[in-house]
file target_18.cif (mmCIF, C-alpha atoms and all ligand atoms)
data_target
loop_
_atom_site.label_atom_id
_atom_site.label_comp_id
_atom_site.auth_asym_id
_atom_site.auth_seq_id
_atom_site.Cartn_x
_atom_site.Cartn_y
_atom_site.Cartn_z
CA MET A 1 0.00 0.00 0.00
CA LYS A 2 1.29 3.43 -0.91
CA LEU A 3 1.19 5.87 1.97
CA MET A 4 -0.02 9.29 0.91
CA PRO A 5 0.57 12.28 3.16
CA ASN A 6 -2.79 13.27 4.58
CA PRO A 7 -3.35 17.04 4.47
CA THR A 8 -5.52 17.02 7.61
CA VAL A 9 -2.88 15.24 9.66
CA LEU A 10 -0.15 17.60 8.48
CA LYS A 11 -2.27 20.58 9.41
CA LEU A 12 -2.92 19.21 12.89
CA LYS A 13 0.78 18.59 13.40
CA ARG A 14 1.57 22.21 12.69
CA THR A 15 -1.05 23.40 15.17
CA PRO A 16 0.17 23.41 18.78
CA PRO A 17 -2.24 21.77 21.26
CA ALA A 18 -2.93 25.02 23.13
CA ALA A 19 -4.19 26.69 19.95
CA ARG A 20 -6.63 23.84 19.30
CA HIS A 21 -8.20 24.43 22.69
CA SER A 22 -8.84 28.08 22.21
CA MET A 23 -10.97 28.54 25.32
CA SER A 24 -8.55 26.93 27.77
CA ALA A 25 -5.64 28.78 26.18
CA SER A 26 -7.26 32.06 27.16
CA ALA A 27 -6.56 31.56 30.88
CA PRO A 28 -3.31 33.42 31.59
CA ARG A 29 -0.32 31.34 32.71
CA SER A 30 2.48 32.25 35.09
CA ALA A 31 6.16 31.75 34.42
CA ASP A 32 5.87 28.14 35.67
CA GLY A 33 3.31 27.44 32.93
CA LEU A 34 0.43 27.03 35.37
CA VAL A 35 -2.81 28.99 35.65
CA SER A 36 -3.43 30.92 38.86
CA TYR A 37 -5.90 28.31 40.20
CA ALA A 38 -3.59 25.30 39.70
CA MET A 39 -2.63 23.42 42.88
CA ARG A 40 1.01 24.42 43.22
CA VAL A 41 3.25 22.07 45.12
CA GLU A 42 4.70 24.97 47.15
CA ARG A 43 1.22 25.48 48.61
CA SER A 44 0.82 21.83 49.64
CA GLN A 45 -0.40 21.15 53.17
CA GLY A 46 2.39 18.61 53.28
CA ARG A 47 2.70 15.13 54.75
CA ARG A 48 1.36 13.68 57.99
CA TYR A 49 4.92 12.83 59.10
CA ARG A 50 7.43 15.52 58.28
CA GLU A 51 10.23 14.56 55.93
CA PRO A 52 13.16 16.51 54.54
CA ALA A 53 12.74 17.79 50.98
CA HIS A 54 14.34 15.75 48.21
CA ALA A 55 17.22 17.31 46.29
CA TYR A 56 15.56 17.25 42.88
CA ARG A 57 12.14 15.58 43.09
CA GLY A 58 9.07 17.63 43.95
CA GLU A 59 6.61 16.37 46.57
CA TYR A 60 3.93 15.23 44.08
CA VAL A 61 6.59 13.47 42.02
CA ARG A 62 7.69 11.64 45.17
CA ASP A 63 4.06 10.69 45.80
CA ARG A 64 3.82 9.31 42.28
CA ASP A 65 6.98 7.27 42.83
CA ARG A 66 5.74 5.87 46.16
CA ILE A 67 2.46 4.84 44.57
CA ILE A 68 4.20 3.05 41.70
CA HIS A 69 6.48 1.27 44.20
CA SER A 70 3.58 0.11 46.40
CA ARG A 71 2.29 -3.45 46.58
CA ALA A 72 -1.29 -2.33 46.04
CA PHE A 73 -0.27 -0.74 42.74
CA ARG A 74 1.49 -3.89 41.54
CA ARG A 75 -1.56 -5.99 42.39
CA LEU A 76 -3.61 -3.98 39.84
CA GLU A 77 -1.94 -6.11 37.19
CA ASP A 78 -4.05 -9.09 38.20
CA LYS A 79 -7.34 -7.36 38.90
CA THR A 80 -10.17 -7.42 36.39
CA GLN A 81 -11.36 -4.19 34.83
CA VAL A 82 -14.42 -5.54 32.96
CA PHE A 83 -13.30 -8.74 31.28
CA SER A 84 -11.18 -11.30 33.02
CA ARG A 85 -8.05 -12.42 31.20
CA ARG A 86 -9.46 -15.89 30.86
CA PHE A 87 -10.96 -14.86 27.51
CA SER A 88 -8.14 -12.84 25.94
CA ASP A 89 -4.71 -11.40 26.68
CA HIS A 90 -5.69 -8.14 25.02
CA PHE A 91 -8.28 -6.88 27.48
CA ARG A 92 -7.59 -4.11 29.93
CA THR A 93 -6.65 -4.95 33.46
CA ARG A 94 -6.97 -2.47 36.32
CA LEU A 95 -3.31 -1.65 35.75
CA THR A 96 -3.52 -0.85 32.04
CA HIS A 97 -6.78 1.03 32.66
CA THR A 98 -4.94 3.04 35.33
CA LEU A 99 -2.16 3.87 32.87
CA GLU A 100 -4.72 5.02 30.29
CA VAL A 101 -6.40 7.25 32.87
CA THR A 102 -3.00 8.63 33.81
CA GLN A 103 -1.96 9.64 30.32
CA ILE A 104 -5.33 11.27 29.60
CA ALA A 105 -5.16 13.05 32.97
CA ARG A 106 -1.71 14.43 32.15
CA THR A 107 -2.93 15.63 28.75
CA VAL A 108 -6.10 17.26 30.08
CA THR A 109 -4.49 18.97 33.07
CA GLY A 110 -1.48 20.03 30.95
CA ALA A 111 -3.79 21.66 28.37
CA LEU A 112 -5.63 23.45 31.19
CA GLY A 113 -2.43 24.76 32.78
CA LEU A 114 -3.06 22.72 35.92
CA ASN A 115 -0.53 20.69 37.91
CA ALA A 116 0.00 17.58 35.77
CA GLU A 117 2.36 16.07 38.37
CA LEU A 118 -0.38 16.09 40.99
CA ALA A 119 -2.88 14.76 38.43
CA GLU A 120 -0.49 11.94 37.53
CA ALA A 121 -0.14 10.83 41.15
CA LEU A 122 -3.91 11.01 41.64
CA ALA A 123 -4.63 9.02 38.49
CA LEU A 124 -2.11 6.31 39.34
CA VAL A 125 -3.66 5.84 42.78
CA HIS A 126 -7.33 6.26 41.80
CA ASP A 127 -8.15 2.54 41.58
CA VAL A 128 -5.82 0.96 44.18
CA GLY A 129 -8.81 0.48 46.49
CA HIS A 130 -10.63 -1.70 43.98
CA PRO A 131 -11.26 -5.29 44.99
CA PRO A 132 -10.65 -8.23 42.63
CA PHE A 133 -13.05 -8.94 39.75
CA GLY A 134 -14.06 -5.40 38.91
CA HIS A 135 -17.50 -4.07 39.63
CA THR A 136 -18.82 -7.56 40.37
CA GLY A 137 -16.30 -8.12 43.16
CA GLU A 138 -17.01 -4.68 44.54
CA ALA A 139 -20.80 -5.18 44.53
CA ALA A 140 -20.40 -8.58 46.24
CA LEU A 141 -18.20 -7.12 49.01
CA ASP A 142 -20.64 -4.27 49.48
CA ARG A 143 -23.56 -6.71 49.82
CA MET A 144 -21.64 -8.69 52.45
CA MET A 145 -20.80 -5.54 54.42
CA GLN A 146 -24.43 -4.42 54.33
CA ARG A 147 -25.34 -7.51 56.31
CA TYR A 148 -23.35 -5.93 59.14
CA GLY A 149 -24.85 -2.50 58.61
CA GLU A 150 -21.78 -1.17 56.79
CA ARG A 151 -20.76 -0.49 53.21
CA PHE A 152 -17.70 -1.13 51.09
CA ASP A 153 -16.37 2.08 49.53
CA HIS A 154 -13.31 1.70 47.31
CA ASN A 155 -12.20 5.29 47.85
CA LEU A 156 -12.15 4.91 51.63
CA HIS A 157 -10.47 1.54 51.23
CA ALA A 158 -7.76 3.19 49.10
CA LEU A 159 -7.17 5.70 51.89
CA ARG A 160 -6.74 2.85 54.39
CA ILE A 161 -4.23 1.24 52.03
CA VAL A 162 -2.02 4.30 51.65
CA GLU A 163 -2.36 5.32 55.31
CA ARG A 164 -2.05 1.97 57.04
CA PHE A 165 -1.79 -1.23 55.05
CA GLU A 166 1.29 -0.43 53.01
CA GLN A 167 4.19 -1.15 55.38
CA LYS A 168 7.34 -0.13 53.65
CA TYR A 169 9.15 2.71 55.36
CA ALA A 170 10.88 2.66 58.74
CA GLY A 171 9.88 6.18 59.74
CA PHE A 172 6.09 5.98 59.34
CA PRO A 173 3.16 3.70 58.55
CA GLY A 174 1.70 3.77 55.05
CA LEU A 175 3.12 5.85 52.20
CA ASN A 176 2.94 9.22 53.99
CA LEU A 177 1.51 10.91 50.88
CA THR A 178 0.88 14.64 50.72
CA PHE A 179 -2.44 15.98 51.93
CA GLU A 180 -3.68 16.79 48.40
CA VAL A 181 -3.14 13.24 47.14
CA ARG A 182 -4.90 11.73 50.18
CA GLU A 183 -7.70 14.25 49.83
CA GLY A 184 -7.99 13.46 46.12
CA ILE A 185 -8.15 9.72 46.82
CA ILE A 186 -11.35 10.07 48.80
CA LYS A 187 -12.88 13.11 47.08
CA HIS A 188 -12.16 12.57 43.37
CA SER A 189 -15.56 11.05 42.69
CA ARG A 190 -17.82 12.09 45.56
CA ASP A 191 -18.47 14.50 48.40
CA TYR A 192 -19.00 13.54 52.05
CA ASP A 193 -21.43 14.74 54.71
CA PRO A 194 -19.16 15.88 57.57
CA ALA A 195 -21.75 14.76 60.13
CA LEU A 196 -21.56 11.17 58.86
CA TYR A 197 -17.78 11.03 58.33
CA ARG A 198 -16.26 12.55 61.44
CA GLU A 199 -13.10 10.46 60.98
CA LEU A 200 -12.47 12.35 57.72
CA ALA A 201 -12.77 15.81 59.30
CA GLU A 202 -9.20 16.79 58.37
CA TYR A 203 -10.04 16.54 54.64
CA ARG A 204 -11.95 19.84 54.39
CA LEU A 205 -15.20 18.03 53.64
CA LEU A 206 -17.23 21.18 53.10
CA GLU A 207 -14.91 22.25 50.28
CA ARG A 208 -14.40 21.02 46.74
CA PRO A 209 -11.01 19.39 46.09
CA PRO A 210 -8.53 21.14 43.74
CA LEU A 211 -9.47 20.96 40.06
CA GLU A 212 -6.76 18.36 39.38
CA ALA A 213 -8.62 15.92 41.67
CA GLN A 214 -12.05 16.84 40.31
CA LEU A 215 -10.91 15.99 36.78
CA ILE A 216 -9.77 12.44 37.63
CA ASP A 217 -13.29 11.04 37.86
CA LEU A 218 -14.29 12.51 34.48
CA VAL A 219 -11.05 11.40 32.85
CA ASP A 220 -11.82 7.95 34.27
CA GLU A 221 -15.17 8.09 32.43
CA VAL A 222 -13.46 9.03 29.16
CA ALA A 223 -11.01 6.16 29.60
CA TYR A 224 -13.35 3.36 30.61
CA ASN A 225 -16.25 4.17 28.30
CA THR A 226 -13.98 4.15 25.25
CA ALA A 227 -11.96 1.18 26.53
CA ASP A 228 -15.08 -0.87 27.22
CA LEU A 229 -16.28 -0.26 23.65
CA ASP A 230 -12.85 -1.45 22.49
CA ASP A 231 -12.74 -4.56 24.69
CA GLY A 232 -16.37 -5.36 23.88
CA TYR A 233 -15.58 -5.15 20.16
CA GLU A 234 -12.43 -7.22 20.65
CA ALA A 235 -14.48 -9.81 22.57
CA ARG A 236 -16.88 -9.92 19.58
CA LEU A 237 -19.79 -9.05 21.81
CA LEU A 238 -20.18 -5.66 20.11
CA THR A 239 -20.12 -5.13 16.34
CA LEU A 240 -19.35 -2.07 14.28
CA ASP A 241 -22.96 -1.87 13.06
CA MET A 242 -24.37 -2.28 16.54
CA ILE A 243 -22.23 0.54 17.89
CA ARG A 244 -22.85 2.90 14.98
CA GLU A 245 -26.60 2.39 15.22
CA GLU A 246 -26.79 3.04 18.94
CA VAL A 247 -23.97 5.48 19.66
CA PRO A 248 -24.45 8.64 17.56
CA LEU A 249 -21.08 10.17 18.52
CA PHE A 250 -19.28 7.03 17.32
CA ASP A 251 -21.32 7.06 14.11
CA ARG A 252 -20.34 10.64 13.41
CA PHE A 253 -16.63 9.75 13.51
CA LEU A 254 -17.10 6.48 11.66
CA ARG A 255 -18.68 8.40 8.75
CA GLN A 256 -15.57 10.58 8.55
CA VAL A 257 -13.33 7.51 8.70
CA ASP A 258 -15.35 5.79 5.97
CA ARG A 259 -14.92 8.79 3.69
CA ARG A 260 -11.17 8.91 4.29
CA TYR A 261 -10.40 5.18 4.48
CA PRO A 262 -13.22 3.47 2.59
CA ASP A 263 -11.22 0.26 2.09
CA ALA A 264 -9.67 -0.07 5.54
CA ALA A 265 -10.28 -3.21 7.59
CA HIS A 266 -13.19 -3.21 10.06
CA LYS A 267 -10.94 -3.18 13.11
CA LEU A 268 -8.96 -0.21 11.81
CA ARG A 269 -12.11 1.75 10.97
CA PHE A 270 -13.35 0.95 14.46
CA ASN A 271 -10.06 2.12 16.01
CA GLU A 272 -10.06 5.38 14.06
CA ALA A 273 -13.66 6.17 15.00
CA LEU A 274 -13.02 5.34 18.65
CA LYS A 275 -9.95 7.57 18.63
CA GLY A 276 -12.25 10.37 17.41
CA VAL A 277 -14.67 9.72 20.29
CA LEU A 278 -11.89 9.75 22.89
CA ASP A 279 -10.38 12.95 21.51
CA ALA A 280 -13.80 14.65 21.35
CA LEU A 281 -14.57 13.76 24.98
CA ALA A 282 -11.14 14.84 26.29
CA THR A 283 -11.25 18.10 24.30
CA ASP A 284 -14.75 18.83 25.58
CA LEU A 285 -13.64 18.17 29.15
CA ILE A 286 -10.78 20.66 28.74
CA ASP A 287 -12.96 23.34 27.16
CA SER A 288 -15.95 22.92 29.48
CA SER A 289 -13.84 22.91 32.65
CA ALA A 290 -11.95 26.03 31.53
CA ALA A 291 -15.28 27.68 30.71
CA ALA A 292 -16.66 26.80 34.17
CA ALA A 293 -13.60 28.30 35.86
CA ARG A 294 -13.99 31.45 33.80
CA LYS A 295 -17.72 31.73 34.38
CA GLN A 296 -17.30 31.45 38.13
CA ASP A 297 -14.37 33.87 38.04
CA VAL A 298 -12.08 31.39 39.74
CA ARG A 299 -8.61 32.83 40.36
CA THR A 300 -7.02 30.78 43.13
CA VAL A 301 -7.13 27.27 44.53
CA ASP A 302 -9.14 28.68 47.41
CA ASP A 303 -11.74 29.88 44.89
CA VAL A 304 -11.85 26.35 43.44
CA ARG A 305 -12.31 24.95 46.95
CA ALA A 306 -15.01 27.48 47.83
CA SER A 307 -17.05 27.11 44.63
CA ALA A 308 -20.55 25.78 45.25
CA ARG A 309 -20.27 23.19 42.48
CA ARG A 310 -17.45 21.21 40.97
CA LEU A 311 -15.79 22.97 38.04
CA ALA A 312 -14.66 19.87 36.16
CA ALA A 313 -17.40 19.20 33.64
CA PHE A 314 -18.45 18.04 30.21
CA SER A 315 -20.80 20.14 28.08
CA PRO A 316 -24.51 19.14 28.20
CA ALA A 317 -24.22 17.59 24.72
CA ARG A 318 -21.29 15.37 25.75
CA VAL A 319 -23.00 14.48 29.04
CA ALA A 320 -25.87 13.13 26.92
CA ASP A 321 -23.39 11.26 24.68
CA ILE A 322 -21.70 9.65 27.67
CA ARG A 323 -25.02 8.70 29.21
CA GLY A 324 -25.92 7.09 25.88
CA ILE A 325 -22.63 5.15 25.72
CA LYS A 326 -23.07 3.91 29.29
CA ASP A 327 -26.62 2.80 28.61
CA PHE A 328 -25.48 1.03 25.43
CA LEU A 329 -22.62 -0.71 27.27
CA ARG A 330 -24.94 -1.80 30.06
CA ARG A 331 -27.54 -3.31 27.72
CA ARG A 332 -25.20 -4.83 25.18
CA LEU A 333 -22.09 -5.67 27.17
CA TYR A 334 -22.31 -5.71 30.97
CA GLU A 335 -25.64 -7.59 30.84
CA HIS A 336 -24.60 -9.88 28.00
CA PRO A 337 -25.37 -13.51 28.95
CA SER A 338 -21.71 -14.61 28.82
CA VAL A 339 -20.56 -11.69 30.99
CA HIS A 340 -23.55 -12.24 33.26
CA ARG A 341 -22.72 -15.92 33.76
CA GLU A 342 -19.19 -15.13 34.84
CA ARG A 343 -20.52 -12.45 37.13
CA ARG A 344 -22.77 -14.88 38.99
CA GLU A 345 -19.86 -17.25 39.52
CA ILE A 346 -17.63 -14.44 40.83
CA SER A 347 -20.29 -13.23 43.26
CA ARG A 348 -20.59 -16.73 44.62
CA LEU A 349 -16.80 -17.02 45.09
CA VAL A 350 -16.51 -13.70 46.91
CA GLU A 351 -19.56 -14.21 49.13
CA SER A 352 -18.70 -17.75 50.16
CA LEU A 353 -15.06 -16.87 50.91
CA PHE A 354 -16.22 -13.88 52.98
CA ASP A 355 -18.59 -16.06 55.02
CA TYR A 356 -15.90 -18.70 55.44
CA PHE A 357 -13.33 -16.30 56.93
CA VAL A 358 -15.84 -14.56 59.18
CA GLY A 359 -16.81 -18.00 60.51
CA ASN A 360 -13.19 -19.25 60.67
CA PRO A 361 -11.04 -16.18 61.48
CA ARG A 362 -8.15 -18.46 62.51
CA ARG A 363 -7.78 -19.41 58.87
CA LEU A 364 -6.83 -15.81 58.06
CA PRO A 365 -3.11 -15.00 57.72
CA SER A 366 -1.84 -14.38 61.26
CA ALA A 367 -1.40 -10.61 60.82
CA TYR A 368 -5.07 -10.34 59.85
CA TYR A 369 -6.20 -12.75 62.57
CA LEU A 370 -4.47 -10.61 65.22
CA LYS A 371 -6.36 -7.57 63.98
CA THR A 372 -9.71 -9.30 64.63
CA ARG A 373 -9.05 -8.67 68.36
CA GLU A 374 -9.25 -4.93 67.74
CA GLU A 375 -11.80 -4.65 64.97
CA PRO A 376 -14.84 -6.74 63.98
CA ALA A 377 -13.94 -9.84 61.95
CA TYR A 378 -16.15 -8.79 59.00
CA ARG A 379 -14.14 -5.56 58.65
CA ILE A 380 -10.81 -7.41 58.64
CA VAL A 381 -12.13 -10.02 56.20
CA CYS A 382 -13.38 -7.23 53.93
CA ASP A 383 -9.92 -5.60 53.94
CA TYR A 384 -8.26 -8.95 53.26
CA ILE A 385 -10.51 -9.86 50.34
CA ALA A 386 -10.48 -6.34 48.87
CA GLY A 387 -6.69 -6.50 48.67
CA MET A 388 -6.64 -9.82 46.78
CA THR A 389 -5.85 -10.21 43.10
CA ASP A 390 -8.24 -12.25 40.96
CA SER A 391 -6.02 -15.32 40.94
CA TYR A 392 -5.20 -15.12 44.66
CA LEU A 393 -8.92 -15.06 45.44
CA ARG A 394 -9.48 -18.14 43.30
CA GLN A 395 -6.53 -19.87 45.02
CA GLN A 396 -7.86 -19.05 48.47
CA TRP A 397 -11.31 -20.23 47.52
CA ALA A 398 -9.85 -23.52 46.26
CA ARG A 399 -7.77 -23.92 49.44
CA CYS A 400 -10.65 -23.19 51.83
CA LEU A 401 -13.83 -24.20 50.09
CA ALA A 402 -13.29 -26.54 47.13
CA GLN A 403 -14.26 -30.04 48.20
MG MG A 501 -10.93 3.81 37.19
#
call {"tool": "encode", "arguments": {"input": "target_18.cif", "output": "structure tokens", "more": "lines below"}}
Ligand code: MG
result
Amino acid sequence: MKLMPNPTVLKLKRTPPAARHSMSASAPRSADGLVSYAMRVERSQGRRYREPAHAYRGEYVRDRDRIIHSRAFRRLEDKTQVFSRRFSDHFRTRLTHTLEVTQIARTVTGALGLNAELAEALALVHDVGHPPFGHTGEAALDRMMQRYGERFDHNLHALRIVERFEQKYAGFPGLNLTFEVREGIIKHSRDYDPALYRELAEYRLLERPPLEAQLIDLVDEVAYNTADLDDGYEARLLTLDMIREEVPLFDRFLRQVDRRYPDAAHKLRFNEALKGVLDALATDLIDSSAAAARKQDVRTVDDVRASARRLAAFSPARVADIRGIKDFLRRRLYEHPSVHRERREISRLVESLFDYFVGNPRRLPSAYYLKTREEPAYRIVCDYIAGMTDSYLRQQWARCLAQ
């Protein structure tokens, strides 16, 4: 095949990213390249345990490094995102999903003139609290906890991991991350009623988190909605025609692709159209969030914190598109009989293993068993199971319950 230079591509290459996002480019930047309402590392509330500054790594960069070096981060490799690896090596895991969220987060915050180093640390840590087997594992754990009048919340679990469970440094428990990263871990996707969460009082619960943290949840949506379309197509549960008929945004890009590459293979046309969807969503997130900051006359991080509503946002049209994609994925993918079958099996594994350990706490690893003297067994069992990888959970189930 002869490769012809494509005039559109050449034009895009000559156009710097900031100029493409005209609205976000209008916010003035300081000498450090950041807008006035970026969360600057010099203004960090710091770490719980004081540590000397590093010679050449900033505090958020150190946080990023600690997260990457943690056990909980490494375990993401063997945690399901949507599809378990039993069906294909090509599907996302929690780890590769996390890396996709991270690169989009860096792009979006960089284009907005926000602190991309903070965003990178937040994105890398955003899913470390997820239990094995994706949403199914999470829902099963939550059901088990509700029997004891409690809930499982992956954000709060992630905070427990970085504050307590990671035992790595001699000078302090946990990873001793900066305040803004810990705050972002719990607040990136939800707000908390201070009356109900007194133990979280230090996290400024009446305020919004910095914009870098607010963006993580929406970047996560960009990443997983596009990735789930991709994995669903790869799994042959979704077809090109099915997606184009039911997802108008995808159809719009596929029409462009079909005009430009009429003879390209199905998979390549699919990839090109999906790339268009991802770029449209990320660009909209940049423009809409910059517009919200401008509209509310936000000038400092304190303004971001004091704003009545979150500033990170998609436009109404893209909100409708995303809602449509989610609805499509739910009907056609998440509730597909083959996915559903696996889900029932997973729920059974998680629930029976939970019951087994609550009934037989001495079968827990000794460190966990000792903790059952201080906290209720169901809480310790929940922590233990939430930390497992997919294959470790299967192994434990086989060891304890397979007859
Ligand atoms: Mg995620």
call {"tool": "residues_around", "arguments": {"input": "target_18.cif", "residues": "region 291-299 of chain A", "least_positions_apart": "2", "cutoff": "12 Å", "atoms": "only C-alpha atoms", "output": "mmCIF file with C-alpha atoms, in the coordinates of the input"}}
result
data_model
loop_
_atom_site.group_PDB
_atom_site.id
_atom_site.type_symbol
_atom_site.label_atom_id
_atom_site.label_comp_id
_atom_site.auth_asym_id
_atom_site.auth_seq_id
_atom_site.Cartn_x
_atom_site.Cartn_y
_atom_site.Cartn_z
ATOM 1 C CA HIS A 21 -8.200 24.430 22.690
ATOM 2 C CA SER A 22 -8.840 28.080 22.210
ATOM 3 C CA MET A 23 -10.970 28.540 25.320
ATOM 4 C CA SER A 24 -8.550 26.930 27.770
ATOM 5 C CA ALA A 25 -5.640 28.780 26.180
ATOM 6 C CA SER A 26 -7.260 32.060 27.160
ATOM 7 C CA ALA A 27 -6.560 31.560 30.880
ATOM 8 C CA PRO A 28 -3.310 33.420 31.590
ATOM 9 C CA ARG A 29 -0.320 31.340 32.710
ATOM 10 C CA LEU A 34 0.430 27.030 35.370
ATOM 11 C CA VAL A 35 -2.810 28.990 35.650
ATOM 12 C CA SER A 36 -3.430 30.920 38.860
ATOM 13 C CA TYR A 37 -5.900 28.310 40.200
ATOM 14 C CA ALA A 38 -3.590 25.300 39.700
ATOM 15 C CA MET A 39 -2.630 23.420 42.880
ATOM 16 C CA LEU A 112 -5.630 23.450 31.190
ATOM 17 C CA LEU A 114 -3.060 22.720 35.920
ATOM 18 C CA PRO A 210 -8.530 21.140 43.740
ATOM 19 C CA LEU A 211 -9.470 20.960 40.060
ATOM 20 C CA ASP A 284 -14.750 18.830 25.580
ATOM 21 C CA LEU A 285 -13.640 18.170 29.150
ATOM 22 C CA ILE A 286 -10.780 20.660 28.740
ATOM 23 C CA ASP A 287 -12.960 23.340 27.160
ATOM 24 C CA SER A 288 -15.950 22.920 29.480
ATOM 25 C CA SER A 289 -13.840 22.910 32.650
ATOM 26 C CA VAL A 301 -7.130 27.270 44.530
ATOM 27 C CA ASP A 302 -9.140 28.680 47.410
ATOM 28 C CA ASP A 303 -11.740 29.880 44.890
ATOM 29 C CA VAL A 304 -11.850 26.350 43.440
ATOM 30 C CA ARG A 305 -12.310 24.950 46.950
ATOM 31 C CA ALA A 306 -15.010 27.480 47.830
ATOM 32 C CA SER A 307 -17.050 27.110 44.630
ATOM 33 C CA ALA A 308 -20.550 25.780 45.250
ATOM 34 C CA ARG A 309 -20.270 23.190 42.480
ATOM 35 C CA ARG A 310 -17.450 21.210 40.970
ATOM 36 C CA LEU A 311 -15.790 22.970 38.040
ATOM 37 C CA ALA A 312 -14.660 19.870 36.160
ATOM 38 C CA ALA A 313 -17.400 19.200 33.640
ATOM 39 C CA PHE A 314 -18.450 18.040 30.210
ATOM 40 C CA SER A 315 -20.800 20.140 28.080
#
call {"tool": "closest_atom_pairs", "arguments": {"input": "target_18.cif", "of": "chain A", "to": "ligand MG 501 (chain A)", "cutoff": "9 Å", "atoms": "all atoms listed in the file", "output": "JSON lines"}}
result
{"residue": "A:Gln81", "atom": "CA", "partner": "A:MG501", "partner_atom": "MG", "distance": 8.4}
{"residue": "A:Arg94", "atom": "CA", "partner": "A:MG501", "partner_atom": "MG", "distance": 7.5}
{"residue": "A:His97", "atom": "CA", "partner": "A:MG501", "partner_atom": "MG", "distance": 6.7}
{"residue": "A:Thr98", "atom": "CA", "partner": "A:MG501", "partner_atom": "MG", "distance": 6.3}
{"residue": "A:Val101", "atom": "CA", "partner": "A:MG501", "partner_atom": "MG", "distance": 7.1}
{"residue": "A:Ala123", "atom": "CA", "partner": "A:MG501", "partner_atom": "MG", "distance": 8.3}
{"residue": "A:His126", "atom": "CA", "partner": "A:MG501", "partner_atom": "MG", "distance": 6.3}
{"residue": "A:Asp127", "atom": "CA", "partner": "A:MG501", "partner_atom": "MG", "distance": 5.3}
{"residue": "A:His130", "atom": "CA", "partner": "A:MG501", "partner_atom": "MG", "distance": 8.7}
{"residue": "A:Ile216", "atom": "CA", "partner": "A:MG501", "partner_atom": "MG", "distance": 8.7}
{"residue": "A:Asp217", "atom": "CA", "partner": "A:MG501", "partner_atom": "MG", "distance": 7.6}
{"residue": "A:Val219", "atom": "CA", "partner": "A:MG501", "partner_atom": "MG", "distance": 8.7}
{"residue": "A:Asp220", "atom": "CA", "partner": "A:MG501", "partner_atom": "MG", "distance": 5.1}
{"residue": "A:Glu221", "atom": "CA", "partner": "A:MG501", "partner_atom": "MG", "distance": 7.7}
{"residue": "A:Ala223", "atom": "CA", "partner": "A:MG501", "partner_atom": "MG", "distance": 7.9}
{"residue": "A:Tyr224", "atom": "CA", "partner": "A:MG501", "partner_atom": "MG", "distance": 7.0}
call {"tool": "residues_around", "arguments": {"input": "target_18.cif", "residues": "Ser347 (chain A)", "least_positions_apart": "6", "cutoff": "7 Å", "atoms": "all atoms listed in the file", "output": "list in words"}}
result
Thr136, Gly137 and Ala140 of chain A
call {"tool": "atom_distance", "arguments": {"input": "target_18.cif", "atom1": "CA of Leu95 (chain A)", "atom2": "CA of Lys187 (chain A)"}}
result
20.9 Å
call {"tool": "atom_distance", "arguments": {"input": "target_18.cif", "atom1": "CA of Gly324 (chain A)", "atom2": "CA of Glu246 (chain A)"}}
result
8.1 Å
call {"tool": "atom_distance", "arguments": {"input": "target_18.cif", "atom1": "CA of Asn360 (chain A)", "atom2": "CA of Asp142 (chain A)"}}
result
20.1 Å
call {"tool": "residues_around", "arguments": {"input": "target_18.cif", "residues": "region 270-281 of chain A", "least_positions_apart": "6", "cutoff": "8 Å", "atoms": "all atoms listed in the file", "output": "ChimeraX atom specification"}}
result
/A:222-223,226,230,240,249-251,253-254,257,314,318
call {"tool": "write_last_selection", "arguments": {"input": "target_18.cif", "atoms": "C-alpha atoms", "output": "PDB file, keeping the file's coordinate frame"}}
result
ATOM      1  CA  VAL A 222     -13.460   9.030  29.160  1.00  0.00           C
ATOM      2  CA  ALA A 223     -11.010   6.160  29.600  1.00  0.00           C
ATOM      3  CA  THR A 226     -13.980   4.150  25.250  1.00  0.00           C
ATOM      4  CA  ASP A 230     -12.850  -1.450  22.490  1.00  0.00           C
ATOM      5  CA  LEU A 240     -19.350  -2.070  14.280  1.00  0.00           C
ATOM      6  CA  LEU A 249     -21.080  10.170  18.520  1.00  0.00           C
ATOM      7  CA  PHE A 250     -19.280   7.030  17.320  1.00  0.00           C
ATOM      8  CA  ASP A 251     -21.320   7.060  14.110  1.00  0.00           C
ATOM      9  CA  PHE A 253     -16.630   9.750  13.510  1.00  0.00           C
ATOM     10  CA  LEU A 254     -17.100   6.480  11.660  1.00  0.00           C
ATOM     11  CA  VAL A 257     -13.330   7.510   8.700  1.00  0.00           C
ATOM     12  CA  PHE A 314     -18.450  18.040  30.210  1.00  0.00           C
ATOM     13  CA  ARG A 318     -21.290  15.370  25.750  1.00  0.00           C
TER      14      ARG A 318
END
call {"tool": "residues_around", "arguments": {"input": "target_18.cif", "residues": "Ala139 (chain A)", "least_positions_apart": "6", "cutoff": "12 Å", "atoms": "only C-alpha atoms", "output": "PyMOL selection string"}}
result
chain A and resi 130-133+145-146+151-154+343-344+346-348+350-351+386
call {"tool": "write_last_selection", "arguments": {"input": "target_18.cif", "atoms": "C-alpha atoms", "output": "short mmCIF file (atom, residue, chain, number, x, y, z; two decimals), in the frame of the given file"}}
result
data_model
loop_
_atom_site.label_atom_id
_atom_site.label_comp_id
_atom_site.auth_asym_id
_atom_site.auth_seq_id
_atom_site.Cartn_x
_atom_site.Cartn_y
_atom_site.Cartn_z
CA HIS A 130 -10.63 -1.70 43.98
CA PRO A 131 -11.26 -5.29 44.99
CA PRO A 132 -10.65 -8.23 42.63
CA PHE A 133 -13.05 -8.94 39.75
CA MET A 145 -20.80 -5.54 54.42
CA GLN A 146 -24.43 -4.42 54.33
CA ARG A 151 -20.76 -0.49 53.21
CA PHE A 152 -17.70 -1.13 51.09
CA ASP A 153 -16.37 2.08 49.53
CA HIS A 154 -13.31 1.70 47.31
CA ARG A 343 -20.52 -12.45 37.13
CA ARG A 344 -22.77 -14.88 38.99
CA ILE A 346 -17.63 -14.44 40.83
CA SER A 347 -20.29 -13.23 43.26
CA ARG A 348 -20.59 -16.73 44.62
CA VAL A 350 -16.51 -13.70 46.91
CA GLU A 351 -19.56 -14.21 49.13
CA ALA A 386 -10.48 -6.34 48.87
#
